[in-house]
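S.K.: Let me begin by handing over the structure; questions about it come next.
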Amino acid sequence: MPSIARKPPSKRRVKPYAQGDLDSMCGIYAIINAFRALCREITWEISTQLFEHLVSCLKRHAKQALFPIIFGTGNSLMRKLLGEAQSYLKKRLKIELAIEPKRRELKSKSLEAAWQRLSAIVDETTVLILPLSGRLDHWTVLYDINARKIRLVDSSHRRELTRSRCTLGAAKKRYCLELSGAIAIRRVRPYDE
């Protein structure tokens, strides 16, 4: 009986998963990215050490350390991790950063009013860690804003959000700016040159 030539199974192209597709560590990345946006002194080595430090702090600040890795970082844990990172940076590089909740200042009924308030906060010495919901649940870093766009330093490689794609209310297809969870980080001293 002649053998039938079999075709090898076809290898289908698959889109590889990227960092963040299977984990929810955007909170830790947002902290590191915010600090890097304000402090050029933070090298790759310092960033990796800060990452290790923050992950190890999860044992102390979360009831189950795996929970925030899988399900994300809530506001309370985010503030604790920011305090840890702030202390680490002050000890390691002698850089002082102020972490300022902006809840009342950002409370707005319209996107236009929120945009104006965000513009008044973000400058050369201040960035804003901003939680998003709607299209995705995610912590990101806002470092610049103009009339039409928010510019980001983001662990998901998002570079900007256009105003037309943002909202303050619940939405599935738009980015909801969760202003009540926004955290401003300001470089106090020494000033970056």
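FYI, nothing fancy with the structure tokens labels: chains A, B, ... in order, residues from 1 per chain, ligands from 1 as they appear.
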Please return, as a PyMOL selection string, all residues of chain A that DSSP assigns to strand (DSSP E or B) on the basis of the backbone.
M.R.: chain A and resi 96-101+123+126-134+138-145+149-153+160-162+166-167+175-177+183-189
S.K.: Name the residues of chain A that come out as alpha helix (DSSP H) in a backbone DSSP run; write them as a ChimeraX atom specification.
M.R.: /A:26-38,44-61,66-71,75-93,103-106,111-121
S.K.: Output C-alpha atoms for every residue in the selection just made, as a compact mmCIF listing (two decimals), in the first residue's frame.
M.R.:
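See part33.txt below for the written result:
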```
# COMPACT_ATOMS: atom_id res chain seq x y z
CA CYS A 26 0.36 48.46 35.60
CA GLY A 27 0.23 50.18 39.01
CA ILE A 28 3.87 49.33 39.77
CA TYR A 29 4.89 50.29 36.23
CA ALA A 30 3.00 53.59 36.56
CA ILE A 31 4.95 54.43 39.73
CA ILE A 32 8.30 53.68 38.11
CA ASN A 33 7.37 55.50 34.89
CA ALA A 34 6.16 58.57 36.81
CA PHE A 35 9.39 58.73 38.79
CA ARG A 36 11.46 58.27 35.62
CA ALA A 37 9.55 61.07 33.89
CA LEU A 38 10.61 63.42 36.69
CA TRP A 44 17.73 50.91 34.05
CA GLU A 45 19.53 49.38 37.03
CA ILE A 46 17.74 51.61 39.55
CA SER A 47 14.41 50.95 37.79
CA THR A 48 14.84 47.18 38.06
CA GLN A 49 15.86 47.45 41.71
CA LEU A 50 12.85 49.67 42.44
CA PHE A 51 10.61 47.15 40.64
CA GLU A 52 12.00 44.33 42.81
CA HIS A 53 11.54 46.47 45.93
CA LEU A 54 7.90 47.28 45.10
CA VAL A 55 7.05 43.67 44.28
CA SER A 56 8.57 42.57 47.59
CA CYS A 57 6.49 45.25 49.37
CA LEU A 58 3.34 43.52 48.15
CA LYS A 59 3.90 40.89 50.87
CA ARG A 60 3.71 43.58 53.52
CA HIS A 61 0.88 45.71 52.14
CA LEU A 66 -0.52 37.48 44.27
CA PHE A 67 -3.87 39.28 44.31
CA PRO A 68 -2.64 42.65 42.97
CA ILE A 69 -0.41 40.92 40.41
CA ILE A 70 -3.41 39.07 38.97
CA PHE A 71 -6.32 41.44 39.67
CA ASN A 75 -6.15 53.07 45.29
CA SER A 76 -5.14 52.25 48.87
CA LEU A 77 -2.37 49.84 47.85
CA MET A 78 -1.22 52.25 45.16
CA ARG A 79 -0.69 54.98 47.76
CA LYS A 80 1.25 52.60 50.04
CA LEU A 81 3.49 51.53 47.16
CA LEU A 82 4.04 55.18 46.18
CA GLY A 83 5.19 55.88 49.75
CA GLU A 84 7.59 52.94 49.57
CA ALA A 85 8.98 54.12 46.23
CA GLN A 86 9.27 57.70 47.49
CA SER A 87 11.32 56.55 50.52
CA TYR A 88 13.46 54.27 48.36
CA LEU A 89 14.29 57.07 45.92
CA LYS A 90 15.06 59.57 48.68
CA LYS A 91 17.43 57.10 50.36
CA ARG A 92 19.06 55.92 47.14
CA LEU A 93 19.38 59.14 45.11
CA ARG A 103 -9.26 64.51 44.39
CA ARG A 104 -11.05 67.75 45.27
CA GLU A 105 -9.11 69.84 42.78
CA LEU A 106 -10.01 67.51 39.91
CA LEU A 111 -14.74 66.83 30.42
CA GLU A 112 -13.86 70.39 29.44
CA ALA A 113 -13.55 71.47 33.09
CA ALA A 114 -11.53 68.33 33.91
CA TRP A 115 -9.20 69.02 30.97
CA GLN A 116 -8.56 72.55 32.26
CA ARG A 117 -7.82 71.28 35.77
CA LEU A 118 -5.43 68.62 34.46
CA SER A 119 -3.67 71.32 32.41
CA ALA A 120 -3.23 73.46 35.53
CA ILE A 121 -1.54 70.61 37.47
```
S.K.: Would you kindly return, as a PyMOL selection string, each protein, DNA or RNA residue with an atom no farther than 12 Å from any atom of His157 (chain A), considering only C-alpha atoms and excluding same-chain residues fewer than 2 positions away?
M.R.: chain A and resi 18-20+26+29-30+33+140-141+151-155+159-161
S.K.: So that I can check the surroundings of Leu97 (chain A), please list as a PyMOL selection string every protein, DNA and RNA residue that reaches within 8 Å of it, counting only C-alpha atoms and ignoring chain neighbours fewer than 3 positions away.
M.R.: chain A and resi 86+90+185-189
S.K.: From the list A:Ala184, A:Leu132, A:Val127, A:Ala147, which residue is nearest Leu168 (chain A) when using only C-alpha atoms?
M.R.: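 Smallest separation from Leu168 (chain A) among the options: A:Leu132.
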S.K.: Do a neighbour search on Arg174 (chain A) at 6 Å with only C-alpha atoms, toss out local chain neighbours closer than 4 positions, and write the hits as JSON, numbers by chain.
M.R.: {"A": [134, 135, 165, 166]}
